[in-house]
Amino acid sequence: MDMQSFILETLADLHLVFRGYRSHDGVGSLFRGQANSAWELLPKAGRREYYLPDNRDLGRLHAWCKQAVAYSTLPGRYLEKLALAQHHGLATRLLDWSKNPLVACYFACGEQPSNDGAVYIYEAPKQFFSEDIRLDEIEKEEGVFGYLPNAIAPRILSQKGLFTVHCDAKQPIEVAHSRTLKDRPNLIQMVIPAKLKSEVLKLLGDYGIDRSVLFPDLDGLSADVNSRTANMRRPA
């Protein structure tokens with residue numbers, strides 16, 4: 001079965017789409033935004049410039065942790081460390097999703113204004129990893145799994161974040177029939193045309209979804225104020 005794809009025509013259609021797909025606290029629909037609709041739906045460690053076969057990507061976390069302890073207290077469980085590293089930019093086999101479709105819309109529209117963005121709506125995987133799973137157990141798995149993390153970082157909490165775990169790192173999501181919705185696939189792509197991106201961002205701002213909220217630190221606040229300043233300088 002092929003992934004279903006459609007183009008967002010108007011802002012009003014956003015409400016219609018998201019009324020039909022609900023998160024149910026992470027076990028229903030998951031949402032992910034990408035600023036360029038042509039990008040692959042893969043975790044960073046599965047992309048060509050970072051991919052290491054034979055589970056070698058999992059070992060890179062050890063190198064990260066050896067130095068990360070100088071900056072922060074690290075959680076004890078392997079997956080929690082991996083999630084923390086992911087949110088600080090390390091190439092991992094985790095792919096970010098959100099329980100909130102508006103968060104996904106922000107990431108689809110917040111960058112690359114000249115390119116169409118996309119929001120992916122994915123029916124949660126059948127199987128989820130426990131945070132207690134060990135490294136050697138992950139190495140034996142094949143396929144795509146869900147992972148509902150504890151709130152180990154403010155960004156995970158504010159973005160209502162969760163992950164898919166790809167085993168191995170370049171394992172794509174298998175498109176199949178939905179388990180709950182008749183005649184629909186488990187993965188849908190909603191393309192947001194470049195011409196609508198600024199309108200979507202304004203709507204999200206009215207709903208309280210902006211960079212200062214999604215990135216609750218001084219960097220996020222500064223980026224949000226800069227964005228508002230740039231908008232003030234644009235002609236009406």
# chains A, B, ... in the order shown; residues from 1 in each chain; ligands from 1

call {"tool": "closest_atom_pairs", "arguments": {"of": "stretch 133-233 of chain A", "to": "stretch 72-95 of chain A", "cutoff": "10 Å", "atoms": "only C-alpha atoms", "output": "Markdown table"}}
result
| residue | atom | partner | partner_atom | distance |
| --- | --- | --- | --- | --- |
| A:Ile133 | CA | A:Leu79 | CA | 7.4 |
| A:Arg134 | CA | A:Tyr78 | CA | 6.6 |
| A:Leu135 | CA | A:Tyr78 | CA | 6.6 |
| A:Ile138 | CA | A:Leu79 | CA | 9.5 |
| A:Val144 | CA | A:Leu94 | CA | 9.8 |
| A:Phe145 | CA | A:Leu94 | CA | 9.6 |
| A:Gly146 | CA | A:Leu94 | CA | 9.4 |
| A:Tyr147 | CA | A:Leu79 | CA | 8.6 |
| A:Pro149 | CA | A:Glu80 | CA | 7.0 |
| A:Asn150 | CA | A:Glu80 | CA | 7.8 |
| A:Ala151 | CA | A:Glu80 | CA | 9.5 |
| A:Ile152 | CA | A:Leu84 | CA | 7.2 |
| A:Ala153 | CA | A:Leu84 | CA | 6.9 |
| A:Arg155 | CA | A:His87 | CA | 7.6 |
| A:Ile156 | CA | A:His87 | CA | 8.0 |
| A:Leu162 | CA | A:Leu95 | CA | 8.4 |
| A:Phe163 | CA | A:Leu95 | CA | 5.3 |
| A:Thr164 | CA | A:Leu95 | CA | 5.2 |
| A:Val165 | CA | A:Leu94 | CA | 4.8 |
| A:His166 | CA | A:Arg93 | CA | 5.5 |
| A:Cys167 | CA | A:Arg93 | CA | 7.4 |
| A:Asp168 | CA | A:Arg93 | CA | 7.5 |
| A:Ala169 | CA | A:Arg93 | CA | 4.7 |
| A:Lys170 | CA | A:Arg93 | CA | 7.8 |
| A:Gln171 | CA | A:Arg93 | CA | 9.1 |

call {"tool": "write_last_selection", "arguments": {"atoms": "N, CA and C atoms", "output": "mmCIF file, in the first residue's frame"}}
result
data_model
loop_
_atom_site.group_PDB
_atom_site.id
_atom_site.type_symbol
_atom_site.label_atom_id
_atom_site.label_comp_id
_atom_site.auth_asym_id
_atom_site.auth_seq_id
_atom_site.Cartn_x
_atom_site.Cartn_y
_atom_site.Cartn_z
ATOM 1 N N ILE A 133 14.549 -0.873 28.326
ATOM 2 C CA ILE A 133 15.185 -1.777 27.364
ATOM 3 C C ILE A 133 16.695 -1.516 27.320
ATOM 4 N N ARG A 134 17.452 -2.577 27.215
ATOM 5 C CA ARG A 134 18.909 -2.468 27.225
ATOM 6 C C ARG A 134 19.455 -2.319 25.803
ATOM 7 N N LEU A 135 20.689 -1.842 25.739
ATOM 8 C CA LEU A 135 21.366 -1.668 24.455
ATOM 9 C C LEU A 135 21.427 -2.984 23.685
ATOM 10 N N ILE A 138 18.098 -3.784 22.075
ATOM 11 C CA ILE A 138 17.796 -2.949 20.906
ATOM 12 C C ILE A 138 18.542 -3.455 19.681
ATOM 13 N N VAL A 144 10.306 -0.780 13.160
ATOM 14 C CA VAL A 144 10.103 0.550 13.730
ATOM 15 C C VAL A 144 9.212 0.427 14.960
ATOM 16 N N PHE A 145 9.683 0.992 16.057
ATOM 17 C CA PHE A 145 8.993 0.881 17.340
ATOM 18 C C PHE A 145 8.679 2.273 17.879
ATOM 19 N N GLY A 146 7.704 2.364 18.754
ATOM 20 C CA GLY A 146 7.404 3.611 19.419
ATOM 21 C C GLY A 146 8.152 3.720 20.738
ATOM 22 N N TYR A 147 8.294 4.959 21.212
ATOM 23 C CA TYR A 147 8.916 5.198 22.515
ATOM 24 C C TYR A 147 8.312 6.465 23.112
ATOM 25 N N PRO A 149 8.749 8.876 25.954
ATOM 26 C CA PRO A 149 9.771 9.187 26.955
ATOM 27 C C PRO A 149 9.181 9.873 28.182
ATOM 28 N N ASN A 150 9.890 9.747 29.285
ATOM 29 C CA ASN A 150 9.605 10.598 30.432
ATOM 30 C C ASN A 150 10.043 12.022 30.105
ATOM 31 N N ALA A 151 9.583 12.977 30.886
ATOM 32 C CA ALA A 151 9.908 14.386 30.634
ATOM 33 C C ALA A 151 11.315 14.685 31.143
ATOM 34 N N ILE A 152 12.307 14.140 30.442
ATOM 35 C CA ILE A 152 13.696 14.278 30.884
ATOM 36 C C ILE A 152 14.311 15.604 30.442
ATOM 37 N N ALA A 153 13.607 16.340 29.564
ATOM 38 C CA ALA A 153 14.104 17.639 29.100
ATOM 39 C C ALA A 153 12.897 18.545 28.856
ATOM 40 N N ARG A 155 12.176 20.531 26.511
ATOM 41 C CA ARG A 155 11.670 20.535 25.134
ATOM 42 C C ARG A 155 10.730 19.365 24.876
ATOM 43 N N ILE A 156 11.035 18.215 25.437
ATOM 44 C CA ILE A 156 10.157 17.053 25.249
ATOM 45 C C ILE A 156 8.785 17.348 25.810
ATOM 46 N N LEU A 162 7.477 12.572 21.442
ATOM 47 C CA LEU A 162 7.686 11.138 21.521
ATOM 48 C C LEU A 162 8.464 10.718 20.289
ATOM 49 N N PHE A 163 8.813 9.442 20.191
ATOM 50 C CA PHE A 163 9.737 9.037 19.139
ATOM 51 C C PHE A 163 9.295 7.735 18.476
ATOM 52 N N THR A 164 9.770 7.568 17.242
ATOM 53 C CA THR A 164 9.880 6.232 16.682
ATOM 54 C C THR A 164 11.354 5.850 16.744
ATOM 55 N N VAL A 165 11.605 4.565 17.007
ATOM 56 C CA VAL A 165 12.956 4.033 17.083
ATOM 57 C C VAL A 165 13.134 3.093 15.898
ATOM 58 N N HIS A 166 14.090 3.405 15.022
ATOM 59 C CA HIS A 166 14.262 2.671 13.771
ATOM 60 C C HIS A 166 15.425 1.689 13.901
ATOM 61 N N CYS A 167 15.129 0.400 13.706
ATOM 62 C CA CYS A 167 16.113 -0.669 13.872
ATOM 63 C C CYS A 167 16.233 -1.473 12.567
ATOM 64 N N ASP A 168 17.305 -1.213 11.708
ATOM 65 C CA ASP A 168 18.387 -0.329 12.028
ATOM 66 C C ASP A 168 18.040 1.115 11.678
ATOM 67 N N ALA A 169 19.067 1.998 11.734
ATOM 68 C CA ALA A 169 18.795 3.428 11.643
ATOM 69 C C ALA A 169 18.149 3.847 10.324
ATOM 70 N N LYS A 170 18.417 3.126 9.235
ATOM 71 C CA LYS A 170 17.828 3.521 7.948
ATOM 72 C C LYS A 170 16.565 2.721 7.611
ATOM 73 N N GLN A 171 16.004 2.050 8.604
ATOM 74 C CA GLN A 171 14.764 1.299 8.401
ATOM 75 C C GLN A 171 13.596 2.276 8.194
#

call {"tool": "select_by_dssp", "arguments": {"residues": "stretch 25-155 of chain A", "states": "helix (DSSP H, G or I)", "output": "VMD selection string"}}
result
chain A and resid 44 to 46 56 to 68 78 to 87 101 to 109 135 to 139 154 to 155

call {"tool": "write_last_selection", "arguments": {"atoms": "C-alpha atoms", "output": "short mmCIF file (atom, residue, chain, number, x, y, z; two decimals), in the first residue's frame"}}
result
data_model
loop_
_atom_site.label_atom_id
_atom_site.label_comp_id
_atom_site.auth_asym_id
_atom_site.auth_seq_id
_atom_site.Cartn_x
_atom_site.Cartn_y
_atom_site.Cartn_z
CA LYS A 44 19.35 11.54 11.21
CA ALA A 45 21.49 8.45 11.87
CA GLY A 46 19.78 6.74 8.93
CA ARG A 56 27.42 1.12 15.11
CA ASP A 57 25.29 4.26 15.47
CA LEU A 58 24.24 3.03 18.92
CA GLY A 59 27.84 3.10 20.08
CA ARG A 60 28.21 6.76 19.19
CA LEU A 61 26.09 7.61 22.23
CA HIS A 62 28.91 6.34 24.45
CA ALA A 63 31.32 8.85 22.91
CA TRP A 64 28.74 11.62 23.38
CA CYS A 65 28.05 10.73 27.02
CA LYS A 66 31.75 10.73 27.97
CA GLN A 67 31.86 14.47 27.30
CA ALA A 68 28.22 15.44 27.91
CA TYR A 78 20.03 4.01 27.63
CA LEU A 79 16.93 5.20 25.74
CA GLU A 80 16.61 8.26 27.95
CA LYS A 81 20.22 9.17 27.22
CA LEU A 82 19.54 8.66 23.51
CA ALA A 83 16.46 10.92 23.67
CA LEU A 84 18.42 13.65 25.45
CA ALA A 85 21.22 13.44 22.89
CA GLN A 86 18.65 13.56 20.08
CA HIS A 87 17.19 16.81 21.39
CA PRO A 101 -0.55 18.42 15.37
CA LEU A 102 -0.01 22.17 15.75
CA VAL A 103 3.55 21.55 16.91
CA ALA A 104 4.13 19.53 13.75
CA CYS A 105 2.70 22.40 11.68
CA TYR A 106 5.19 24.79 13.27
CA PHE A 107 8.15 22.63 12.28
CA ALA A 108 6.72 22.24 8.77
CA CYS A 109 6.43 26.01 8.31
CA LEU A 135 21.37 -1.67 24.45
CA ASP A 136 21.95 -5.35 23.63
CA GLU A 137 18.17 -5.87 23.34
CA ILE A 138 17.80 -2.95 20.91
CA GLU A 139 20.61 -4.35 18.77
CA PRO A 154 11.89 20.77 28.93
CA ARG A 155 11.67 20.53 25.13
#

call {"tool": "closest_residue", "arguments": {"among": "A:Tyr21, A:Asn55, A:Ser114, A:Glu9", "to": "A:Ser198", "atoms": "only C-alpha atoms"}}
result
A:Ser114

call {"tool": "atom_distance", "arguments": {"atom1": "atom CA of A:Gly33", "atom2": "atom CA of A:Val191"}}
result
9.8 Å

call {"tool": "atom_distance", "arguments": {"atom1": "atom CA of A:Asp210", "atom2": "atom CA of A:Leu8"}}
result
20.7 Å

call {"tool": "residues_around", "arguments": {"residues": "A:Gly26", "least_positions_apart": "5", "cutoff": "10 Å", "atoms": "only C-alpha atoms", "output": "VMD selection string"}}
result
chain A and resid 31 97 to 100 123 to 124 146 to 148 160 to 163

call {"tool": "atom_distance", "arguments": {"atom1": "atom CA of A:Ile121", "atom2": "atom CA of A:Ile188"}}
result
5.1 Å

call {"tool": "residues_around", "arguments": {"residues": "A:Gln112", "least_positions_apart": "2", "cutoff": "10 Å", "atoms": "only C-alpha atoms", "output": "JSON, numbers by chain"}}
result
{"A": [34, 35, 36, 108, 109, 110, 114, 115, 116, 117, 194, 197]}
